[in-house]
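Let me begin by presenting the structure, written as structure tokens, before commenting on it.
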Amino acid sequence: VATRPYTVSELQVVHNYARLAEVWGGEYRHLFYRVKPQARIMWLGDLSAQKKIPEDLKCRSMQWYLDNVDHELKWEAPRLCLWTYNPMYYWMRCKNEPPAGRSIIDEVMPAHEYLAAWRVAKAKAARDATASAVDPLWHEL
């Protein structure tokens, strides 16, 4: 188990993750609040400057990240579950024992599904690279 050389409260960590979800989570930020519902009532401060950064840098969306980079997280998104009992979130209660080192899922992505997602993303990246070589403005269409 990793430890920090300093103390930090769980609420501070949840607060920081909530800010991260608000700025970078896009259409997936609701999943963070499913797992950490206490963050819904936290005051996160003014995030307008932080929300402008992805736009100014022309960053890709969270959907793009899940489709092209983190296939496992995309697979896990609809399978999130909670280990603590909460009557409001009973439908999200985990049904199986947690995999080692995991806390919000009760199954892991099968290797064959991961490899299939990876192959699709790799083929798409190759097509995109070809398209951008032919027409540098292809992505603006």
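Ordered as shown in the structure tokens, chains take letters A, B, and onward, while each chain numbers its residues from 1 and ligands are numbered from 1 in the order shown.
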
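Shell of stretch 32-35 of chain A at 9 Å, with only C-alpha atoms counted and residues fewer than 5 places along the chain excluded, is A:Tyr17, A:Ala18, A:Ala21, A:Gly25, A:Arg40, A:Leu80, A:Cys81, A:Leu82, A:Tyr89, A:Met92, A:Ile104.
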
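For the choices A:Leu66, A:His30, A:Asn16, A:His112, the atom-to-atom distance to A:Leu47 is smallest for A:Asn16 when using only C-alpha atoms.
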
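For the set A:Thr3, A:Arg29, A:Ser103, A:Leu44, the residue with the smallest atom-to-atom gap to A:His15 is A:Leu44, counting only C-alpha atoms.
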
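Remark: for A:Val23, the closest of the candidate residues A:Gly45, A:Pro98, A:Pro110, A:Pro54 is A:Pro54 (distances computed over only C-alpha atoms).
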
> Excluding same-chain residues fewer than 4 positions from A:Asp70, what lies within 12 Å of it counting only C-alpha atoms, as a ChimeraX atom specification?
Replying inline: /A:62-66,74-77,109,114-115,117-118,121

Could those selected residues go to a file with all heavy atoms, as a compact mmCIF listing (two decimals), in the first residue's frame?
```txt
# COMPACT_ATOMS: atom_id res chain seq x y z
N MET A 62 -13.03 13.81 -23.23
CA MET A 62 -12.92 12.59 -22.42
C MET A 62 -13.36 11.39 -23.25
O MET A 62 -12.78 10.30 -23.13
CB MET A 62 -13.77 12.71 -21.16
CG MET A 62 -13.74 11.47 -20.29
SD MET A 62 -12.08 10.98 -19.74
CE MET A 62 -11.94 11.96 -18.28
N GLN A 63 -14.35 11.57 -24.11
CA GLN A 63 -14.78 10.48 -24.98
C GLN A 63 -13.63 10.02 -25.86
O GLN A 63 -13.40 8.82 -26.03
CB GLN A 63 -15.97 10.91 -25.85
CG GLN A 63 -16.51 9.80 -26.72
CD GLN A 63 -17.11 8.66 -25.91
OE1 GLN A 63 -17.98 8.90 -25.09
NE2 GLN A 63 -16.64 7.44 -26.11
N TRP A 64 -12.89 10.95 -26.43
CA TRP A 64 -11.73 10.60 -27.26
C TRP A 64 -10.70 9.83 -26.43
O TRP A 64 -10.16 8.82 -26.88
CB TRP A 64 -11.09 11.86 -27.86
CG TRP A 64 -9.93 11.53 -28.73
CD1 TRP A 64 -9.95 11.31 -30.07
CD2 TRP A 64 -8.57 11.33 -28.32
NE1 TRP A 64 -8.69 10.98 -30.52
CE2 TRP A 64 -7.82 10.99 -29.46
CE3 TRP A 64 -7.91 11.41 -27.09
CZ2 TRP A 64 -6.46 10.74 -29.41
CZ3 TRP A 64 -6.55 11.15 -27.05
CH2 TRP A 64 -5.84 10.81 -28.20
N TYR A 65 -10.45 10.30 -25.21
CA TYR A 65 -9.49 9.64 -24.33
C TYR A 65 -9.90 8.19 -24.07
O TYR A 65 -9.08 7.27 -24.15
CB TYR A 65 -9.37 10.42 -23.02
CG TYR A 65 -8.50 9.76 -22.00
CD1 TYR A 65 -7.12 9.79 -22.09
CD2 TYR A 65 -9.07 9.10 -20.92
CE1 TYR A 65 -6.32 9.17 -21.14
CE2 TYR A 65 -8.28 8.47 -19.97
CZ TYR A 65 -6.90 8.52 -20.08
OH TYR A 65 -6.13 7.90 -19.15
N LEU A 66 -11.17 7.98 -23.79
CA LEU A 66 -11.65 6.62 -23.51
C LEU A 66 -11.61 5.74 -24.76
O LEU A 66 -11.30 4.56 -24.68
CB LEU A 66 -13.07 6.67 -22.94
CG LEU A 66 -13.20 7.33 -21.57
CD1 LEU A 66 -14.66 7.46 -21.19
CD2 LEU A 66 -12.42 6.61 -20.51
N LYS A 74 -13.05 2.88 -20.04
CA LYS A 74 -14.29 2.93 -20.82
C LYS A 74 -15.14 1.69 -20.53
O LYS A 74 -16.35 1.79 -20.36
CB LYS A 74 -13.98 3.02 -22.31
CG LYS A 74 -15.20 3.11 -23.18
CD LYS A 74 -14.84 3.21 -24.65
CE LYS A 74 -16.07 3.32 -25.51
NZ LYS A 74 -15.73 3.44 -26.93
N TRP A 75 -14.50 0.52 -20.46
CA TRP A 75 -15.21 -0.72 -20.18
C TRP A 75 -15.80 -0.69 -18.77
O TRP A 75 -16.91 -1.16 -18.53
CB TRP A 75 -14.24 -1.89 -20.34
CG TRP A 75 -14.85 -3.23 -20.15
CD1 TRP A 75 -15.44 -4.01 -21.11
CD2 TRP A 75 -14.93 -3.99 -18.93
NE1 TRP A 75 -15.87 -5.19 -20.56
CE2 TRP A 75 -15.56 -5.20 -19.22
CE3 TRP A 75 -14.51 -3.75 -17.63
CZ2 TRP A 75 -15.81 -6.17 -18.26
CZ3 TRP A 75 -14.76 -4.72 -16.67
CH2 TRP A 75 -15.40 -5.91 -16.99
N GLU A 76 -15.06 -0.11 -17.82
CA GLU A 76 -15.50 -0.08 -16.43
C GLU A 76 -16.63 0.91 -16.18
O GLU A 76 -17.43 0.72 -15.26
CB GLU A 76 -14.32 0.28 -15.51
CG GLU A 76 -13.28 -0.80 -15.41
CD GLU A 76 -12.05 -0.35 -14.64
OE1 GLU A 76 -11.96 0.84 -14.25
OE2 GLU A 76 -11.17 -1.19 -14.43
N ALA A 77 -16.71 1.97 -16.97
CA ALA A 77 -17.66 3.06 -16.69
C ALA A 77 -19.09 2.57 -16.41
O ALA A 77 -19.68 2.97 -15.40
CB ALA A 77 -17.64 4.08 -17.82
N MET A 109 -11.77 -6.23 -16.77
CA MET A 109 -11.98 -6.38 -18.21
C MET A 109 -11.25 -7.62 -18.71
O MET A 109 -10.05 -7.76 -18.48
CB MET A 109 -11.45 -5.14 -18.92
CG MET A 109 -11.68 -5.12 -20.40
SD MET A 109 -11.04 -3.57 -21.09
CE MET A 109 -11.82 -3.61 -22.70
N TYR A 114 -10.01 -6.36 -24.00
CA TYR A 114 -9.03 -5.28 -24.00
C TYR A 114 -8.26 -5.27 -25.32
O TYR A 114 -8.09 -4.22 -25.95
CB TYR A 114 -8.05 -5.41 -22.83
CG TYR A 114 -7.03 -4.31 -22.83
CD1 TYR A 114 -7.30 -3.11 -22.20
CD2 TYR A 114 -5.82 -4.45 -23.50
CE1 TYR A 114 -6.38 -2.07 -22.21
CE2 TYR A 114 -4.89 -3.42 -23.52
CZ TYR A 114 -5.18 -2.24 -22.88
OH TYR A 114 -4.28 -1.21 -22.91
N LEU A 115 -7.80 -6.43 -25.74
CA LEU A 115 -7.04 -6.51 -27.00
C LEU A 115 -7.89 -6.09 -28.20
O LEU A 115 -7.39 -5.41 -29.10
CB LEU A 115 -6.48 -7.92 -27.19
CG LEU A 115 -5.36 -8.30 -26.22
CD1 LEU A 115 -5.01 -9.77 -26.37
CD2 LEU A 115 -4.13 -7.43 -26.44
N ALA A 117 -10.39 -3.91 -28.16
CA ALA A 117 -10.52 -2.45 -28.09
C ALA A 117 -9.22 -1.77 -28.51
O ALA A 117 -9.24 -0.76 -29.21
CB ALA A 117 -10.90 -2.03 -26.67
N TRP A 118 -8.10 -2.33 -28.09
CA TRP A 118 -6.80 -1.78 -28.45
C TRP A 118 -6.59 -1.84 -29.96
O TRP A 118 -6.12 -0.87 -30.57
CB TRP A 118 -5.70 -2.54 -27.71
CG TRP A 118 -4.32 -2.08 -28.05
CD1 TRP A 118 -3.68 -0.99 -27.51
CD2 TRP A 118 -3.41 -2.67 -28.97
NE1 TRP A 118 -2.43 -0.89 -28.07
CE2 TRP A 118 -2.24 -1.90 -28.96
CE3 TRP A 118 -3.50 -3.77 -29.81
CZ2 TRP A 118 -1.16 -2.20 -29.77
CZ3 TRP A 118 -2.41 -4.07 -30.61
CH2 TRP A 118 -1.25 -3.29 -30.58
N ALA A 121 -8.69 0.84 -31.69
CA ALA A 121 -8.10 2.17 -31.50
C ALA A 121 -6.85 2.34 -32.35
O ALA A 121 -6.62 3.40 -32.94
CB ALA A 121 -7.77 2.38 -30.03
```
